[in-house]
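Notes to accompany the following structure.
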Amino acid sequence: MKREEVFEFFRRLAEVNPSPTTELESSNPYQLLVAVVLSAQATDASVNIACRPLFARIKTPRQMIELGEESLRDAIKTIGLFNTKAKNVIALSQALIDQHGGEVPRTREELQALPGVGRKTANVVLNTAFGEETFAVDTHVFRVSNRTGLAPGKTVDEVEAKLEKIVPQPFRRDAHHWLILHGRYTCKARLPECWRCPVINLCRYKPKTPPPEERARSSADRSGSRASSAARTAKGRTVEKPTAGRSRSRPNRLP
Ligand code: SF4
């Protein structure tokens with residue numbers, strides 16, 4: 001995608017949603033870090049449901065340690081991989097107390113050194129809690145970047161590097177939120193909703209998904225033509241074959 005197209009792409013997403021943010025609920029950087037760790041291979045909605053009562057009581061790493069792994073496991077048991085995640089959250093809470101005075105560190109290296117924290121989690125925390133211009137590539141960002149031709153890449157690292165290179169100001173800080181929300185609600189994995197997409201004429205994906213009415217019409221047309229072709233075949237089976245020498249245009253006489 002050309003430079004001007006990239007600018008226009010984000011300008012339109014920004015027009016639709018001027019203040020995008022994460023859908024994970026939290027009230028401080030520590031809770032955000034915990035929520036992002038819990039959200040691996042789980043939906044934000046499922047994490048919010050489990051974390052609402054948990055975060056009402058637990059706001060610091062020390063309170064999490066006092067809660068203990070068993071109670072944490074019980075609190076998050078509706079989220080996938082809860083056993084491993086509970087272990088990681090307790091271990092990272094202890095590391096925050098031991099190495100960072102109970103605060104969430106502000107550098108990628110320090111964040112990634114915490115148990116259960118990978119590059120994507122570090123990027124989300126740096127961006128959402130500390131306002132850094134980072135590009136967290138999750139499944140939605142990866143799909144949208146590739147489909148549209150915005151930042152194609154075979155791996156998440158490749159896509160992240162391309163986004164880092166091409167996203168212009170003033171969109172750099174919120175770019176990954178726009179891409180996540182666009183992928184989650186419009187450019188969906190199974191059926192992108194191209195007919196209502198604000199960036200349709202900038203996107204390279206083909207064929208574009210037509211509106212529901214048009215799809216319903218063409219599926220009705222298809223079933224109609226399947227039915228008449230089946231009827232023709234059935235009729236053909238009951239008709240005697242024309243005898244040799246007769247004109248092909250001559251109608252067969254049914255008994
Ligand atoms: S036009 Fe379709 S494929 Fe392209 S970004 Fe929009 S929804 Fe996705």
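Chain labels A, B, ... are given in the sequence in which chains occur in the structure tokens; within each chain residues are numbered consecutively from 1, and ligands are likewise numbered from 1 in the order shown.
For ligand 1, the neighbouring protein, DNA and RNA residues, which are those within 7 Å when only C-alpha atoms and all ligand atoms are counted, are Val144, Arg147, Thr148, Thr186, Cys187, Pro192, Glu193, Cys194, Cys197, Pro198, Val199, Ile200, Cys203, Arg204, Tyr205, Lys208 and Thr209 of chain A.
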- Query: Which parts of region 36-190 of chain A does DSSP call alpha helix (DSSP H) when run on the backbone here, written out as number ranges by chain?
  - Reply: A: 36-38, 44-57, 61-67, 69-75, 82-100, 108-112, 119-128, 139-148, 156-166, 175-185
- Message: Nearest residue to Lys59 (chain A) out of A:Ala95, A:Asn146, A:Ser26, A:Lys154, using only C-alpha atoms?
- Response: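 Of the candidates, the smallest distance to Lys59 (chain A) is held by A:Ser26.
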- Query: Which residue, A:Pro212, A:Pro115, A:Gly131, A:Gly102, has the smallest gap to Lys87 (chain A) when you use only C-alpha atoms?
  - Reply: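 The answer is A:Pro115, which sits nearest to Lys87 (chain A).
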- Would you work out the distance separating CA of Glu70 (chain A) from CA of Ala40 (chain A), expressed in Å to one decimal?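 According to the coordinates, CA of Glu70 (chain A) and CA of Ala40 (chain A) are separated by 20.0 Å.
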